[in-house]
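See below for coords18.cif, which holds mmCIF, C-alpha atoms.
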data_protein
#
loop_
_atom_site.label_atom_id
_atom_site.label_comp_id
_atom_site.auth_asym_id
_atom_site.auth_seq_id
_atom_site.Cartn_x
_atom_site.Cartn_y
_atom_site.Cartn_z
CA MET L 1 0.00 0.00 0.00
CA SER L 2 1.44 3.37 -0.99
CA GLU L 3 2.26 5.86 1.73
CA GLN L 4 -0.24 8.65 2.24
CA TYR L 5 1.15 12.17 2.53
CA SER L 6 -0.45 15.22 4.07
CA VAL L 7 0.01 18.97 4.31
CA THR L 8 -1.08 21.13 7.23
CA LEU L 9 -3.72 23.78 6.81
CA LYS L 10 -1.22 26.24 8.28
CA LYS L 11 1.18 25.64 5.40
CA ILE L 12 -1.63 26.20 2.90
CA ILE L 13 -2.65 29.41 4.67
CA ASP L 14 0.93 30.71 4.77
CA ASN L 15 1.70 29.77 1.18
CA HIS L 16 -1.41 31.45 -0.25
CA ASN L 17 -1.66 34.31 2.23
CA LEU L 18 -5.17 33.31 3.33
CA GLU L 19 -7.20 35.21 5.89
CA VAL L 20 -8.49 33.06 8.75
CA LEU L 21 -12.15 33.75 9.55
CA TYR L 22 -12.68 30.69 11.75
CA VAL L 23 -10.76 27.54 12.67
CA PRO L 24 -11.92 24.95 15.22
CA LYS L 25 -8.36 24.18 16.38
CA ASP L 26 -4.69 24.91 15.71
CA THR L 27 -4.12 24.85 11.94
CA ASP L 28 -0.91 22.87 12.51
CA HIS L 29 -3.14 19.97 13.55
CA ILE L 30 -5.53 20.11 10.59
CA LYS L 31 -4.29 17.90 7.74
CA VAL L 32 -5.23 17.92 4.06
CA ILE L 33 -4.55 14.63 2.29
CA THR L 34 -5.89 15.12 -1.24
CA SER L 35 -4.90 17.48 -4.03
CA GLU L 36 -8.46 17.50 -5.36
CA VAL L 37 -10.58 20.59 -4.64
CA ASN L 38 -14.28 21.20 -5.07
CA ARG L 39 -16.84 23.93 -5.74
CA PRO L 40 -19.92 22.88 -3.75
CA GLY L 41 -22.63 24.33 -5.99
CA ILE L 42 -24.67 21.16 -6.53
CA VAL L 43 -24.24 20.08 -2.90
CA LEU L 44 -25.97 23.28 -1.78
CA THR L 45 -29.09 22.06 -3.61
CA GLY L 46 -29.14 18.93 -1.45
CA TYR L 47 -27.46 16.43 -3.76
CA THR L 48 -24.67 14.95 -1.63
CA ASP L 49 -23.92 11.68 -3.47
CA TYR L 50 -20.24 11.26 -4.39
CA PHE L 51 -19.25 14.22 -2.24
CA ASP L 52 -15.64 13.93 -1.04
CA SER L 53 -15.34 15.50 2.39
CA LEU L 54 -11.53 15.34 2.22
CA ARG L 55 -11.42 18.14 -0.35
CA ILE L 56 -11.03 21.86 0.26
CA GLN L 57 -14.17 23.68 -0.85
CA ILE L 58 -13.94 26.87 -2.95
CA LEU L 59 -16.77 29.41 -3.07
CA GLY L 60 -16.89 32.40 -5.41
CA TRP L 61 -19.53 34.78 -6.75
CA THR L 62 -21.76 31.94 -7.99
CA GLU L 63 -21.99 30.02 -4.72
CA MET L 64 -22.29 33.08 -2.50
CA GLY L 65 -24.88 34.67 -4.80
CA PHE L 66 -26.87 31.43 -4.82
CA LEU L 67 -26.98 31.40 -1.01
CA MET L 68 -27.91 35.09 -0.75
CA ASN L 69 -30.95 34.60 -3.02
CA MET L 70 -32.39 31.86 -0.78
CA SER L 71 -34.87 32.32 2.01
CA ASP L 72 -33.56 31.93 5.56
CA ALA L 73 -34.97 28.41 5.85
CA GLU L 74 -33.61 27.30 2.47
CA ARG L 75 -30.21 28.76 3.27
CA LYS L 76 -30.04 26.98 6.62
CA ASN L 77 -30.90 23.67 4.98
CA ALA L 78 -28.42 24.19 2.14
CA LEU L 79 -25.55 24.98 4.51
CA GLY L 80 -26.59 22.06 6.69
CA TYR L 81 -26.53 19.62 3.73
CA TRP L 82 -23.03 20.73 2.89
CA LEU L 83 -21.30 21.46 6.21
CA SER L 84 -22.70 18.36 7.95
CA LEU L 85 -20.40 16.37 5.64
CA HIS L 86 -17.45 18.10 7.36
CA PRO L 87 -15.33 19.22 4.38
CA ALA L 88 -11.62 19.83 5.01
CA ALA L 89 -12.03 23.63 4.79
CA ALA L 90 -13.98 26.33 2.97
CA VAL L 91 -12.29 29.19 1.13
CA ILE L 92 -14.13 32.32 -0.01
CA THR L 93 -12.49 33.96 -3.05
CA ARG L 94 -12.34 37.53 -4.39
CA GLY L 95 -12.32 38.94 -0.85
CA LEU L 96 -16.11 38.66 -0.77
CA GLN L 97 -17.99 39.77 2.31
CA VAL L 98 -18.90 36.73 4.41
CA PRO L 99 -22.32 37.00 6.08
CA GLU L 100 -22.63 36.27 9.77
CA TYR L 101 -24.93 33.30 9.12
CA PHE L 102 -22.18 31.66 7.05
CA ILE L 103 -19.56 32.08 9.78
CA ASN L 104 -22.00 30.79 12.42
CA ALA L 105 -22.79 27.72 10.32
CA CYS L 106 -19.08 26.93 9.96
CA LYS L 107 -18.68 27.28 13.72
CA GLU L 108 -21.65 24.99 14.35
CA TYR L 109 -20.18 22.21 12.18
CA GLN L 110 -16.54 23.09 13.04
CA VAL L 111 -15.44 23.60 9.44
CA PRO L 112 -12.41 25.91 8.93
CA LEU L 113 -13.34 29.08 7.05
CA LEU L 114 -10.75 31.07 5.09
CA ARG L 115 -10.73 33.93 2.61
CA THR L 116 -8.48 35.01 -0.25
CA GLN L 117 -8.37 38.22 -2.26
CA GLU L 118 -7.58 36.27 -5.44
CA GLU L 119 -10.12 35.55 -8.15
CA THR L 120 -11.57 32.05 -8.18
CA SER L 121 -9.93 30.45 -11.23
CA PRO L 122 -6.34 31.69 -10.58
CA PHE L 123 -6.64 30.63 -6.93
CA LEU L 124 -7.94 27.19 -7.90
CA ALA L 125 -5.02 26.67 -10.28
CA ALA L 126 -2.43 27.83 -7.73
CA LEU L 127 -3.91 25.72 -4.93
CA ILE L 128 -4.09 22.55 -7.04
CA ASN L 129 -0.51 23.06 -8.23
CA PHE L 130 0.67 23.52 -4.63
CA LEU L 131 -1.21 20.47 -3.35
CA ASN L 132 0.04 18.30 -6.24
CA ARG L 133 3.61 19.02 -5.19
CA GLU L 134 3.08 18.71 -1.46
CA LEU L 135 1.13 15.45 -1.71
CA ALA L 136 2.97 13.86 -4.62
CA PRO L 137 4.25 10.26 -4.36
CA ARG L 138 7.98 10.40 -3.66
CA ILE L 139 11.13 8.39 -3.26
CA THR L 140 14.73 9.21 -2.37
CA ARG L 141 17.54 8.19 -4.71
CA HIS L 142 21.29 8.25 -4.15
CA GLY L 143 22.79 10.58 -6.74
CA VAL L 144 23.33 14.16 -7.81
CA LEU L 145 20.76 16.42 -9.47
CA VAL L 146 21.99 19.38 -11.51
CA GLU L 147 20.42 21.82 -13.94
CA VAL L 148 22.42 21.93 -17.18
CA TYR L 149 21.27 24.29 -19.95
CA GLY L 150 17.75 24.15 -18.51
CA GLU L 151 17.68 20.36 -18.38
CA GLY L 152 17.36 18.54 -15.06
CA VAL L 153 20.04 15.83 -15.09
CA LEU L 154 20.08 13.10 -12.42
CA ILE L 155 23.56 11.59 -12.18
CA VAL L 156 23.66 8.17 -10.52
CA GLY L 157 26.33 5.55 -9.99
CA GLU L 158 28.26 3.66 -7.37
CA SER L 159 29.85 5.51 -4.47
CA GLY L 160 33.16 7.01 -5.61
CA ALA L 161 32.16 7.14 -9.29
CA GLY L 162 32.76 10.90 -9.43
CA LYS L 163 29.22 12.27 -9.21
CA SER L 164 30.03 15.07 -6.76
CA GLU L 165 33.25 16.03 -8.55
CA THR L 166 31.30 16.26 -11.80
CA ALA L 167 28.73 18.46 -10.07
CA ILE L 168 31.46 20.84 -8.85
CA GLU L 169 32.91 21.13 -12.35
CA LEU L 170 29.43 21.81 -13.76
CA ILE L 171 28.86 24.53 -11.15
CA LYS L 172 32.16 26.16 -12.15
CA ARG L 173 30.96 26.08 -15.76
CA GLY L 174 27.84 28.07 -14.86
CA HIS L 175 25.29 25.34 -14.15
CA ARG L 176 23.32 24.84 -10.95
CA LEU L 177 23.21 22.26 -8.16
CA ILE L 178 19.89 21.04 -6.81
CA ALA L 179 20.89 18.06 -4.66
CA ASP L 180 23.94 16.00 -3.78
CA ASP L 181 23.98 12.51 -2.27
CA ALA L 182 20.22 12.25 -1.56
CA VAL L 183 17.70 13.38 -4.18
CA GLU L 184 14.04 13.56 -3.18
CA ILE L 185 11.98 12.78 -6.28
CA ARG L 186 8.28 13.64 -6.46
CA LYS L 187 5.78 12.61 -9.13
CA VAL L 188 3.97 15.93 -9.59
CA SER L 189 1.99 14.75 -12.64
CA GLU L 190 1.60 11.61 -14.72
CA LYS L 191 4.55 12.64 -16.89
CA THR L 192 6.62 14.90 -14.66
CA LEU L 193 9.15 14.19 -11.94
CA GLU L 194 10.57 16.94 -9.76
CA GLY L 195 13.71 16.61 -7.68
CA SER L 196 14.90 18.49 -4.62
CA SER L 197 17.26 18.10 -1.70
CA PRO L 198 16.33 17.30 1.91
CA SER L 199 16.34 20.64 3.72
CA ASN L 200 18.97 19.58 6.25
CA ILE L 201 21.63 18.86 3.59
CA ARG L 202 20.57 21.38 0.95
CA HIS L 203 23.48 22.98 -0.99
CA PHE L 204 26.09 20.79 0.73
CA ILE L 205 28.46 18.59 -1.28
CA GLU L 206 30.84 15.89 -0.05
CA LEU L 207 34.22 15.79 -1.78
CA ARG L 208 36.52 12.97 -0.82
CA GLY L 209 39.82 14.32 0.48
CA ILE L 210 38.35 17.77 1.13
CA GLY L 211 35.21 17.08 3.14
CA ILE L 212 31.86 18.82 3.22
CA ILE L 213 31.50 22.14 1.42
CA ASN L 214 28.58 24.55 1.02
CA ALA L 215 28.17 25.22 -2.69
CA ARG L 216 25.99 28.27 -2.09
CA ARG L 217 28.59 29.88 0.20
CA ILE L 218 31.54 29.15 -2.07
CA PHE L 219 30.04 29.70 -5.53
CA GLY L 220 27.16 32.08 -4.75
CA MET L 221 23.38 31.98 -4.99
CA GLY L 222 23.52 31.60 -8.77
CA ALA L 223 25.13 28.18 -8.36
CA VAL L 224 22.19 26.51 -6.60
CA LYS L 225 18.49 25.91 -7.09
CA THR L 226 15.81 24.49 -4.80
CA THR L 227 13.90 22.23 -7.20
CA GLU L 228 14.13 21.08 -10.82
CA LYS L 229 12.25 18.67 -13.05
CA ILE L 230 14.10 15.50 -14.01
CA ASP L 231 14.55 15.33 -17.79
CA MET L 232 17.15 12.57 -18.01
CA VAL L 233 19.30 10.16 -16.03
CA ILE L 234 23.03 9.62 -16.56
CA GLN L 235 24.38 6.36 -15.16
CA LEU L 236 28.12 6.43 -14.42
CA GLU L 237 29.87 3.06 -14.31
CA ASP L 238 33.38 1.68 -14.58
CA TRP L 239 34.46 0.79 -18.09
CA ASP L 240 33.70 -2.85 -18.93
CA SER L 241 35.57 -4.05 -21.99
CA THR L 242 33.14 -6.95 -22.42
CA LYS L 243 30.10 -4.68 -22.58
CA ALA L 244 28.75 -3.17 -25.81
CA TYR L 245 28.08 0.51 -25.20
CA ASP L 246 25.77 2.53 -27.44
CA ARG L 247 27.87 4.25 -30.13
CA LEU L 248 25.15 5.81 -32.25
CA GLY L 249 22.28 6.88 -30.00
CA LEU L 250 19.59 6.27 -32.60
CA ASP L 251 16.92 5.53 -30.04
CA ASN L 252 16.41 6.58 -26.45
CA GLU L 253 16.71 4.10 -23.65
CA TYR L 254 14.43 4.66 -20.68
CA THR L 255 14.25 3.92 -17.00
CA LYS L 256 11.13 4.14 -14.86
CA ILE L 257 10.99 6.23 -11.72
CA LEU L 258 7.63 6.20 -9.92
CA ASP L 259 6.16 4.74 -13.14
CA VAL L 260 7.33 7.74 -15.20
CA LYS L 261 9.59 7.00 -18.18
CA VAL L 262 12.82 9.01 -18.15
CA PRO L 263 15.55 8.88 -20.83
CA VAL L 264 18.72 7.25 -19.50
CA ILE L 265 22.24 6.95 -20.90
CA THR L 266 25.15 4.95 -19.54
CA VAL L 267 28.54 6.67 -19.48
CA PRO L 268 31.56 4.43 -18.91
CA ILE L 269 34.27 5.97 -16.74
CA THR L 270 37.87 5.82 -17.92
CA PRO L 271 40.89 7.95 -16.92
CA GLY L 272 41.00 11.26 -18.78
CA ARG L 273 37.30 11.49 -19.67
CA ASN L 274 35.86 14.93 -18.94
CA LEU L 275 32.58 13.98 -17.34
CA ALA L 276 31.34 17.56 -17.04
CA VAL L 277 31.65 18.11 -20.80
CA ILE L 278 29.96 14.76 -21.44
CA VAL L 279 27.04 15.72 -19.17
CA GLU L 280 26.72 19.10 -20.91
CA THR L 281 26.66 17.44 -24.32
CA ALA L 282 24.17 14.79 -23.17
CA ALA L 283 21.85 17.48 -21.79
CA MET L 284 21.90 19.47 -25.03
CA ASN L 285 21.44 16.32 -27.11
CA ASN L 286 18.46 15.28 -24.97
CA ARG L 287 16.96 18.74 -25.43
CA GLN L 288 17.37 18.49 -29.20
CA LYS L 289 15.70 15.08 -29.23
CA LYS L 290 12.71 16.49 -27.35
CA MET L 291 12.48 19.17 -30.03
CA GLY L 292 12.46 16.53 -32.76
CA TYR L 293 16.09 16.48 -33.91
CA ASN L 294 18.31 13.39 -33.67
CA GLY L 295 21.89 13.78 -34.91
CA ALA L 296 22.41 10.02 -35.28
CA LYS L 297 19.33 9.72 -37.49
CA GLU L 298 20.52 12.63 -39.63
CA LEU L 299 23.83 10.81 -40.13
CA MET L 300 22.03 7.60 -41.08
CA HIS L 301 19.95 9.61 -43.54
CA SER L 302 23.06 11.12 -45.14
CA LEU L 303 24.47 7.59 -45.49
CA GLY L 304 21.23 6.35 -47.06
CA MET L 305 20.49 4.06 -44.12
CA GLU L 306 17.55 5.86 -42.52
CA ASP L 307 15.00 3.12 -43.21
CA ILE L 308 17.08 0.11 -42.20
CA GLU L 309 18.84 -1.04 -39.10
CA PRO L 310 22.62 -1.01 -39.61
CA SER L 311 24.10 -4.50 -39.71
CA GLU L 312 26.76 -5.70 -37.24
CA LYS L 313 29.34 -5.46 -40.04
CA GLU L 314 28.35 -1.86 -40.83
CA LEU L 315 28.52 -0.96 -37.16
CA GLU L 316 31.96 -2.58 -36.91
CA ILE L 317 33.21 -0.57 -39.91
CA TRP L 318 31.73 2.63 -38.44
CA GLU L 319 33.24 2.03 -35.00
CA ASN L 320 36.69 1.26 -36.40
CA SER L 321 36.75 4.18 -38.82
#
Representation of the structure as structure tokens:
Amino acid sequence: MSEQYSVTLKKIIDNHNLEVLYVPKDTDHIKVITSEVNRPGIVLTGYTDYFDSLRIQILGWTEMGFLMNMSDAERKNALGYWLSLHPAAAVITRGLQVPEYFINACKEYQVPLLRTQEETSPFLAALINFLNRELAPRITRHGVLVEVYGEGVLIVGESGAGKSETAIELIKRGHRLIADDAVEIRKVSEKTLEGSSPSNIRHFIELRGIGIINARRIFGMGAVKTTEKIDMVIQLEDWDSTKAYDRLGLDNEYTKILDVKVPVITVPITPGRNLAVIVETAAMNNRQKKMGYNGAKELMHSLGMEDIEPSEKELEIWENS
């Protein structure tokens, strides 16, 4: 069973600068566990089937206007239908005036009541985006995450493979560090992974023979970043003369992280290889492939081989040329 994550109502309030009109208890102790939100229009008519009480409820002009046009008895019943289901919280948008009867109803059913000055649609989008990140499935991987030419590159490999040293060289070349040693990876959408560093080791790098350094202190704020999407994985491994490494790069290889496919390349380590330059080139090549250009396929086209797979003999001639 997958782990369930939560975010406190206090964090939501602080992040979105919400005004607290009523809360039944300390907002640090009120947890939200779903990224789904709801506008309770139909529930106010009495139809409560399929209502998810775990969701934050958003009310704008439509909902508030609907309530104001009811008689006192109808309004009491409508609020009772809805609030008796104990939704996670109610948020009034556009800074609308909240009638006393609304506040009293929230107090009666102990439902947190908040208000934002933002318009309804922009607030909905911002809140869903925030909750998707806070509640996303996540894992921690051993590796280094860097931003290279706008591409998020996760460098993995055995301990001592040179991941941190490569990260330092990339920082010196103008790129940015997101995480070293432990990379927290979150699945923020069905196709997107986002990486960050645990807060207690953020911006620190371990260099064997030197020790722990703070990249932000040494190289400046421009050398670090808090989060970055993961566009590709580079696997560093010791050179194996018996292994056939990809020489052409016609097709992408993929690995799955949290069920999301991510392009992966394997880079064999030998003395004298400049790993930072290789990572830079791999990042740019991955970016070109996403934009529809593949250098290897262009070469095959110029050789008249675009519609056929090169034979082992042709590959041997190409590799030895």
Inset, instruction - May I ask for the distance between atom CA of L:Ala215 and atom CA of L:Arg273, given in Å to one decimal place? - result: 23.7 Å
Inset, instruction - Skip L:Glu151 itself and residues of its chain fewer than 3 positions away, then list as a PyMOL selection string all residues within 9 Å of it, counting only C-alpha atoms. - result: chain L and resi 146-148+228-232+283-284+286-287
Inset, instruction - Fewer than 4 positions away in the same chain doesn't count, so skip those; otherwise give me all residues within 10 Å of L:Lys172, counting all atoms listed in the file, as number ranges by chain. - result: L: 166-168, 176, 219, 223, 276
Legend entry - Among the residues L:Ser164, L:Ser53, L:Thr255, L:Thr270, the one that comes closest to L:Ile213 [using all atoms listed in the file]: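 Of all the options, L:Ser164 lies closest to L:Ile213.
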Inset, instruction - Given the file shown, determine the residues that the PyMOL selection byres ((chain L and resi 15) around 12) selects; report them as a ChimeraX atom specification. - result: /L:7-14,16-19,116,123,126-127,129-131,134
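Between L:Ala182 and the candidates L:Thr140, L:Asn200, L:Ser6, L:Asn274, the tightest atom-to-atom separation, counting all atoms listed in the file, involves L:Thr140.
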Inset, instruction - Rank nothing, just name the residue among L:Ile171, L:Val32, L:Met70, L:Val20 nearest to L:Val98, using only C-alpha atoms. - result: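 Selected residue with least distance to L:Val98: L:Val20.
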Inset, instruction - May I have the protein, DNA and RNA residues with an atom at most 10 Å from (-26.5, 24.2, 0.3), counting all atoms listed in the file in the file's coordinates, returned as a list of chain:residue names? - result: L:Pro40, L:Gly41, L:Ile42, L:Val43, L:Leu44, L:Thr45, L:Gly46, L:Tyr47, L:Thr48, L:Glu63, L:Phe66, L:Leu67, L:Met70, L:Glu74, L:Arg75, L:Lys76, L:Asn77, L:Ala78, L:Leu79, L:Gly80, L:Tyr81, L:Trp82, L:Leu83
For stretch 145-149 of chain L, what centre and edge lengths in Å (one decimal) does the axis-aligned box get once 5 Å is added on each side of all its listed atoms, as AutoDock Vina command-line options?
--center_x 21.4 --center_y 20.4 --center_z -14.7 --size_x 12.0 --size_y 17.9 --size_z 20.5
